[in-house]
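This report concerns only the one structure given below.
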Amino acid sequence: MKKKYNYNLMTGGILTVTMLLLILISVFYVPYDPDKMDSTAKLAKASFHHIMGCDQFGRDIFSRVMKGCGNTFFVAAGTVWMGTVFGILIGSFTGYYGGILDEVLMRINDTIFAFPSILLALVFVSLLGGGKYQIILALGIAFIPSFARIVRSEFIRCRELDYVKSARLSGAGSLRIMFVHILPNTRNVLFSAILIGFNNAVLAESGMSFLGIGVQPPEASLGRMMSEAQTYLLTRPSMALFPGLMILWMVLGFALLGEGISERQAG
Amino acid sequence: MLLEVKNLQIAFHDHSLPETVVHDFNLTMEAGEIVGIVGESGSGKSMSAMAIAGLLSRHDMTKEGKCLFQGVDTLRCSRQELRKLQGNEMGIIFQEPMTSLNPLKKIGWQVEESLRLHTDLGKTERKERALQALAEAELPNPERVYSLYPHNLSGGMRQRVMIAAAMIARPKLLIADEPTTSLDVTIQAQIVKLLQKFSREKGMAVLFISHDLSLVRQLCGRVLVMQKGYVVEQGDMETVFEHPVHPYTQKLLAAIPKIPGQGGV
């Protein structure tokens, strides 16, 4: 049989790995201090010294993009982590036990789900104030319902399966059945949900920072940089172009990775 | 007496009218005895067995009567008490070996589960017992099977794994819910022999549920015939098979295909 190449998985993997490398490097090394202003280099064009040019304060865009990727990634990862952990907790209990608990929690879930996540996050930010951690909390809460829903439906699918029954018959307790026997079997679905959720979180964070309620200045984030660049969109389009490309890179990498993985699972 | 079921009655309340699926089910079993339950689909045979195993806990269902397993009423005792019995004192094997094993766990892990839950044996002792159980279930090369995943095994092998998993804690009662239905004929015979061997050697009682009369005849000493929730006939294998009284039993027996010149089942 001819070997079929999974191009989605390969491209997605390469994009993601290089992105993670870039973020890792930015922790230890950036070409310039991303917050240092240089009045001689205001709105500098891309050159050998500043490969992506400088912004209106003369800050090196490449250094800021590197840091910004890290911030955006951190917020997205935190959001997805929060959504997943609480989503699994809520989804597994409601799915496994059903009944009144299920009804109550899922109706609350529906209510949260009915709000656009950005709008919901806006409410939280206005209560808690802006900043990285507040954004994670706000977006995280907005992300819980979708994960809870997915986990719940998987648990409903699994709870009547024979191997779960036989686990119950070997005397396993409910918690053990839920988290040792069933949870690992939801991993396929959960994994693609996490990748999609991650992308949504990247976009949501960028969107919120663009509106000025996300990561606070002077810290860099991709959305924040886009927002600063819009004044100079006509005179210096590269200022918006590079952060935008980075968002694309990040989202595309994870999307292709998710696509490739589900392709591989399908056989 | 190992098991005593008295006037068991199971009814569903899903719809406006309660629907009784098992009427007045009585059964006593001694250690080492093999009892068969036969009947068509929906006759209530699996329902009765699940009730005995304490698997029926749905709220929209009422259970009446008594089901004493070693003096514990499995219809009414607490979940904690039930868990002490399940997997330890009684084991179950299901009809569908393809789905009764967790696809993501190694065979060894799944066979050991009962030990992990009911004993405080260490890792090496558990593995020893698991290998022994796999060997007793006549799986070739237990060492290898131990570290395989379910998808590596055929249906017959998986059913043997299920038997090994059910047998590892040395239960006193094994409930076999149509364990051979999805296997081909030669494997069926092997599984039946295996159950017979366990029953003889370890004094284990087997409740064998099937709609395959010839298998029941090979294996069981006593048989219950069920139809539409009622036990219509019960007694010794010979009596029931040679002199069926109830018309349903007669029909069932008449439905067994016979090879001309060989006669009987």
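Just remember, in the structure tokens the first chain shown is A, the second B, etc., residues are 1-based per chain, and ligands are 1-based in the order shown.
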Subject >> 9 Å contacts from chain B to chain A using only C-alpha atoms, as JSON, numbers by chain >> reply: {"B": [53, 54, 55, 79, 80, 82, 83, 84, 85, 86, 87, 88, 90, 91, 92, 93, 94, 96, 97, 99, 100, 101, 102, 103, 104, 105, 110, 113, 114, 117, 118, 165, 166]}
Original post:
Excluding same-chain residues fewer than 4 positions from A:Asp55, what lies within 10 Å of it counting only C-alpha atoms, as an MDAnalysis selection string?
Top reply: chainID A and resid 37:38 41:45 59:61 64 225 228:229 232 236 238:240
For the selection you just gave me, I'd like the residues written to a file as a PDB file, in the first residue's frame, keeping N, CA and C atoms.
ATOM      1  N   MET A  37      12.228  52.714  24.370  1.00  0.00           N
ATOM      2  CA  MET A  37      11.893  53.615  23.268  1.00  0.00           C
ATOM      3  C   MET A  37      13.160  54.248  22.736  1.00  0.00           C
ATOM      4  N   ASP A  38      13.201  54.412  21.422  1.00  0.00           N
ATOM      5  CA  ASP A  38      14.376  55.011  20.796  1.00  0.00           C
ATOM      6  C   ASP A  38      13.867  56.100  19.856  1.00  0.00           C
ATOM      7  N   ALA A  41      14.595  56.173  16.159  1.00  0.00           N
ATOM      8  CA  ALA A  41      14.142  55.093  15.266  1.00  0.00           C
ATOM      9  C   ALA A  41      12.626  55.054  15.129  1.00  0.00           C
ATOM     10  N   LYS A  42      11.952  56.181  15.440  1.00  0.00           N
ATOM     11  CA  LYS A  42      10.495  56.204  15.340  1.00  0.00           C
ATOM     12  C   LYS A  42      10.025  55.790  13.950  1.00  0.00           C
ATOM     13  N   LEU A  43       9.097  54.831  13.929  1.00  0.00           N
ATOM     14  CA  LEU A  43       8.511  54.363  12.671  1.00  0.00           C
ATOM     15  C   LEU A  43       9.560  53.969  11.627  1.00  0.00           C
ATOM     16  N   ALA A  44      10.687  53.431  12.145  1.00  0.00           N
ATOM     17  CA  ALA A  44      11.751  53.038  11.219  1.00  0.00           C
ATOM     18  C   ALA A  44      11.278  51.928  10.309  1.00  0.00           C
ATOM     19  N   LYS A  45      11.790  51.966   9.066  1.00  0.00           N
ATOM     20  CA  LYS A  45      11.453  50.903   8.121  1.00  0.00           C
ATOM     21  C   LYS A  45      12.222  49.640   8.485  1.00  0.00           C
ATOM     22  N   ARG A  59      10.155  51.484  19.308  1.00  0.00           N
ATOM     23  CA  ARG A  59      10.416  50.175  19.906  1.00  0.00           C
ATOM     24  C   ARG A  59      10.552  49.141  18.792  1.00  0.00           C
ATOM     25  N   ASP A  60      11.468  48.191  18.966  1.00  0.00           N
ATOM     26  CA  ASP A  60      11.744  47.196  17.941  1.00  0.00           C
ATOM     27  C   ASP A  60      10.557  46.240  17.795  1.00  0.00           C
ATOM     28  N   ILE A  61       9.956  46.210  16.607  1.00  0.00           N
ATOM     29  CA  ILE A  61       8.738  45.414  16.441  1.00  0.00           C
ATOM     30  C   ILE A  61       9.015  43.918  16.571  1.00  0.00           C
ATOM     31  N   ARG A  64       9.119  42.979  20.121  1.00  0.00           N
ATOM     32  CA  ARG A  64       7.767  43.053  20.700  1.00  0.00           C
ATOM     33  C   ARG A  64       6.883  41.912  20.220  1.00  0.00           C
ATOM     34  N   MET A 225      -0.630  45.234  19.801  1.00  0.00           N
ATOM     35  CA  MET A 225       0.209  45.845  18.768  1.00  0.00           C
ATOM     36  C   MET A 225      -0.600  46.212  17.541  1.00  0.00           C
ATOM     37  N   GLU A 228      -2.372  49.398  18.306  1.00  0.00           N
ATOM     38  CA  GLU A 228      -1.499  50.577  18.238  1.00  0.00           C
ATOM     39  C   GLU A 228      -1.172  50.928  16.797  1.00  0.00           C
ATOM     40  N   ALA A 229      -1.165  49.890  15.954  1.00  0.00           N
ATOM     41  CA  ALA A 229      -0.735  50.113  14.570  1.00  0.00           C
ATOM     42  C   ALA A 229      -1.820  50.723  13.703  1.00  0.00           C
ATOM     43  N   TYR A 232      -1.408  54.075  12.051  1.00  0.00           N
ATOM     44  CA  TYR A 232      -0.375  54.205  11.016  1.00  0.00           C
ATOM     45  C   TYR A 232      -0.591  53.230   9.870  1.00  0.00           C
ATOM     46  N   ARG A 236       2.468  53.281   7.550  1.00  0.00           N
ATOM     47  CA  ARG A 236       3.431  52.206   7.821  1.00  0.00           C
ATOM     48  C   ARG A 236       2.685  50.887   8.032  1.00  0.00           C
ATOM     49  N   SER A 238       3.377  47.873   7.588  1.00  0.00           N
ATOM     50  CA  SER A 238       4.122  46.725   8.122  1.00  0.00           C
ATOM     51  C   SER A 238       3.967  46.610   9.630  1.00  0.00           C
ATOM     52  N   MET A 239       3.651  47.745  10.293  1.00  0.00           N
ATOM     53  CA  MET A 239       3.474  47.730  11.728  1.00  0.00           C
ATOM     54  C   MET A 239       2.315  46.827  12.142  1.00  0.00           C
ATOM     55  N   ALA A 240       1.264  46.810  11.335  1.00  0.00           N
ATOM     56  CA  ALA A 240       0.125  45.936  11.613  1.00  0.00           C
ATOM     57  C   ALA A 240       0.320  44.563  10.989  1.00  0.00           C
TER      58      ALA A 240
END
Subject >> Point-to-point distance from atom CA of A:Phe73 to atom CA of A:Pro34, Å rounded to tenths >> reply: 17.1 Å
**OP:** Please run DSSP on the backbone and report, as a list in words, all residues within stretch 8-48 of chain B that come out as helix (DSSP H, G or I).
**Re:** Lys45, Ser46, Met47 and Ser48 of chain B
Keeping N, CA and C atoms for every residue in the selection just given, could you write it to a file as a tab-separated table (two decimals), in the first residue's frame?
chain	number	residue	atom	x	y	z
B	45	LYS	N	-34.69	-12.79	30.83
B	45	LYS	CA	-33.60	-13.59	31.43
B	45	LYS	C	-32.42	-12.73	31.84
B	46	SER	N	-32.02	-11.80	30.98
B	46	SER	CA	-30.90	-10.92	31.35
B	46	SER	C	-31.28	-10.00	32.50
B	47	MET	N	-32.53	-9.52	32.47
B	47	MET	CA	-33.03	-8.63	33.53
B	47	MET	C	-32.90	-9.29	34.90
B	48	SER	N	-33.33	-10.56	34.98
B	48	SER	CA	-33.26	-11.28	36.24
B	48	SER	C	-31.81	-11.40	36.69
**OP:** Would you list the contacts of A:Leu139 as a PyMOL selection string, taking every protein, DNA or RNA residue within 6 Å and counting only C-alpha atoms, but skipping same-chain residues closer than 4 positions in sequence?
**Re:** chain A and resi 79+121+135
**OP:** Could you give me, as a ChimeraX atom specification, each residue of stretch 156-221 of chain B that DSSP assigns to strand (DSSP E or B) when run on this structure's backbone?
**Re:** /B:173-177,205-210
Writer output for current selection, N, CA and C atoms, as a PDB file, in the first residue's frame:
ATOM      1  N   LEU B 173     -19.813 -17.145  42.469  1.00  0.00           N
ATOM      2  CA  LEU B 173     -20.875 -17.226  41.467  1.00  0.00           C
ATOM      3  C   LEU B 173     -20.428 -16.471  40.222  1.00  0.00           C
ATOM      4  N   LEU B 174     -20.578 -17.114  39.076  1.00  0.00           N
ATOM      5  CA  LEU B 174     -20.279 -16.441  37.816  1.00  0.00           C
ATOM      6  C   LEU B 174     -21.570 -16.342  37.024  1.00  0.00           C
ATOM      7  N   ILE B 175     -21.919 -15.113  36.655  1.00  0.00           N
ATOM      8  CA  ILE B 175     -23.104 -14.935  35.821  1.00  0.00           C
ATOM      9  C   ILE B 175     -22.620 -14.734  34.398  1.00  0.00           C
ATOM     10  N   ALA B 176     -23.014 -15.634  33.514  1.00  0.00           N
ATOM     11  CA  ALA B 176     -22.564 -15.554  32.133  1.00  0.00           C
ATOM     12  C   ALA B 176     -23.760 -15.186  31.268  1.00  0.00           C
ATOM     13  N   ASP B 177     -23.804 -13.933  30.839  1.00  0.00           N
ATOM     14  CA  ASP B 177     -24.951 -13.434  30.082  1.00  0.00           C
ATOM     15  C   ASP B 177     -24.687 -13.624  28.590  1.00  0.00           C
ATOM     16  N   ALA B 205     -20.289 -21.694  41.233  1.00  0.00           N
ATOM     17  CA  ALA B 205     -21.605 -21.818  40.624  1.00  0.00           C
ATOM     18  C   ALA B 205     -21.667 -20.938  39.385  1.00  0.00           C
ATOM     19  N   VAL B 206     -22.325 -21.426  38.340  1.00  0.00           N
ATOM     20  CA  VAL B 206     -22.445 -20.643  37.109  1.00  0.00           C
ATOM     21  C   VAL B 206     -23.917 -20.490  36.766  1.00  0.00           C
ATOM     22  N   LEU B 207     -24.310 -19.233  36.513  1.00  0.00           N
ATOM     23  CA  LEU B 207     -25.653 -18.979  36.006  1.00  0.00           C
ATOM     24  C   LEU B 207     -25.489 -18.639  34.535  1.00  0.00           C
ATOM     25  N   PHE B 208     -25.895 -19.561  33.685  1.00  0.00           N
ATOM     26  CA  PHE B 208     -25.592 -19.464  32.264  1.00  0.00           C
ATOM     27  C   PHE B 208     -26.844 -19.068  31.503  1.00  0.00           C
ATOM     28  N   ILE B 209     -26.793 -17.868  30.919  1.00  0.00           N
ATOM     29  CA  ILE B 209     -27.960 -17.363  30.200  1.00  0.00           C
ATOM     30  C   ILE B 209     -27.723 -17.520  28.718  1.00  0.00           C
ATOM     31  N   SER B 210     -28.670 -18.102  28.028  1.00  0.00           N
ATOM     32  CA  SER B 210     -28.419 -18.342  26.608  1.00  0.00           C
ATOM     33  C   SER B 210     -29.730 -18.589  25.896  1.00  0.00           C
TER      34      SER B 210
END
Subject >> Counting only C-alpha atoms, the residue of B:Glu81, B:Thr186, B:Leu8, B:Gly203 that sits nearest B:Glu30 >> reply: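 The answer is B:Gly203, which sits nearest to B:Glu30.
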Subject >> Long-range neighbours of A:Arg152 as a count of residues only, 10 Å cut-off, only C-alpha atoms, 4 positions minimum in chain >> reply: 20
Original post:
Residues at most 6 Å from stretch 193-205 of chain A, counting only C-alpha atoms, excluding those fewer than 2 positions away in the same chain, as a ChimeraX atom specification?
Top reply: /A:76,80,190-191,207-208,251,258
Output N, CA, C and O atoms of each residue in that selection to a file, as a short mmCIF file (atom, residue, chain, number, x, y, z; two decimals), in the first residue's frame.
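Everything below was put into result26.cif:
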data_model
loop_
_atom_site.label_atom_id
_atom_site.label_comp_id
_atom_site.auth_asym_id
_atom_site.auth_seq_id
_atom_site.Cartn_x
_atom_site.Cartn_y
_atom_site.Cartn_z
N ALA A 76 -3.88 32.36 26.11
CA ALA A 76 -4.70 31.34 25.46
C ALA A 76 -4.58 30.01 26.19
O ALA A 76 -5.57 29.33 26.44
N VAL A 80 -7.60 27.98 28.04
CA VAL A 80 -7.99 26.63 27.66
C VAL A 80 -7.82 25.67 28.84
O VAL A 80 -8.66 24.81 29.08
N LEU A 190 -11.79 15.25 23.16
CA LEU A 190 -11.31 16.32 24.02
C LEU A 190 -10.12 17.03 23.39
O LEU A 190 -10.00 18.25 23.45
N PHE A 191 -9.25 16.25 22.77
CA PHE A 191 -8.04 16.82 22.22
C PHE A 191 -8.34 17.80 21.09
O PHE A 191 -7.79 18.90 21.05
N GLY A 207 -8.51 40.00 20.25
CA GLY A 207 -9.63 40.91 20.13
C GLY A 207 -9.75 41.81 21.34
O GLY A 207 -9.93 43.02 21.22
N MET A 208 -9.61 41.23 22.52
CA MET A 208 -9.75 42.02 23.74
C MET A 208 -8.60 43.00 23.91
O MET A 208 -8.81 44.14 24.32
N VAL A 251 -2.57 30.52 14.89
CA VAL A 251 -3.88 29.89 14.73
C VAL A 251 -3.82 28.81 13.67
O VAL A 251 -4.34 27.70 13.85
N GLY A 258 -4.69 20.14 14.62
CA GLY A 258 -5.94 19.47 15.02
C GLY A 258 -6.53 18.68 13.87
O GLY A 258 -6.91 17.53 14.02
#
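Compared by their closest atoms to B:Val216, and using only C-alpha atoms, the residues B:His23, B:Arg200, B:Lys193, B:Arg144 rank with B:Lys193 nearest.
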**OP:** Figure out the distance between atom CA of A:Ile144 and atom CA of A:Arg107, please, to one decimal in Å.
**Re:**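 These atoms are spaced 13.2 Å apart.
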Original post:
Could you name the residues that touch A:Leu211 at 9 Å or less, counting only C-alpha atoms, but leaving out those on the same chain fewer than 4 positions away, as a list in words?
Top reply: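 Selected residues are Ser206, Gly207, Gly223, Arg224 and Ser227 of chain A.
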Subject >> Closest of A:Gly214, A:Gly83, A:Gly53, A:Pro145 to A:Leu128 - atom-to-atom distances counting only C-alpha atoms >> reply: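 Looking only at the distances to A:Leu128, the closest residue turns out to be A:Gly214.
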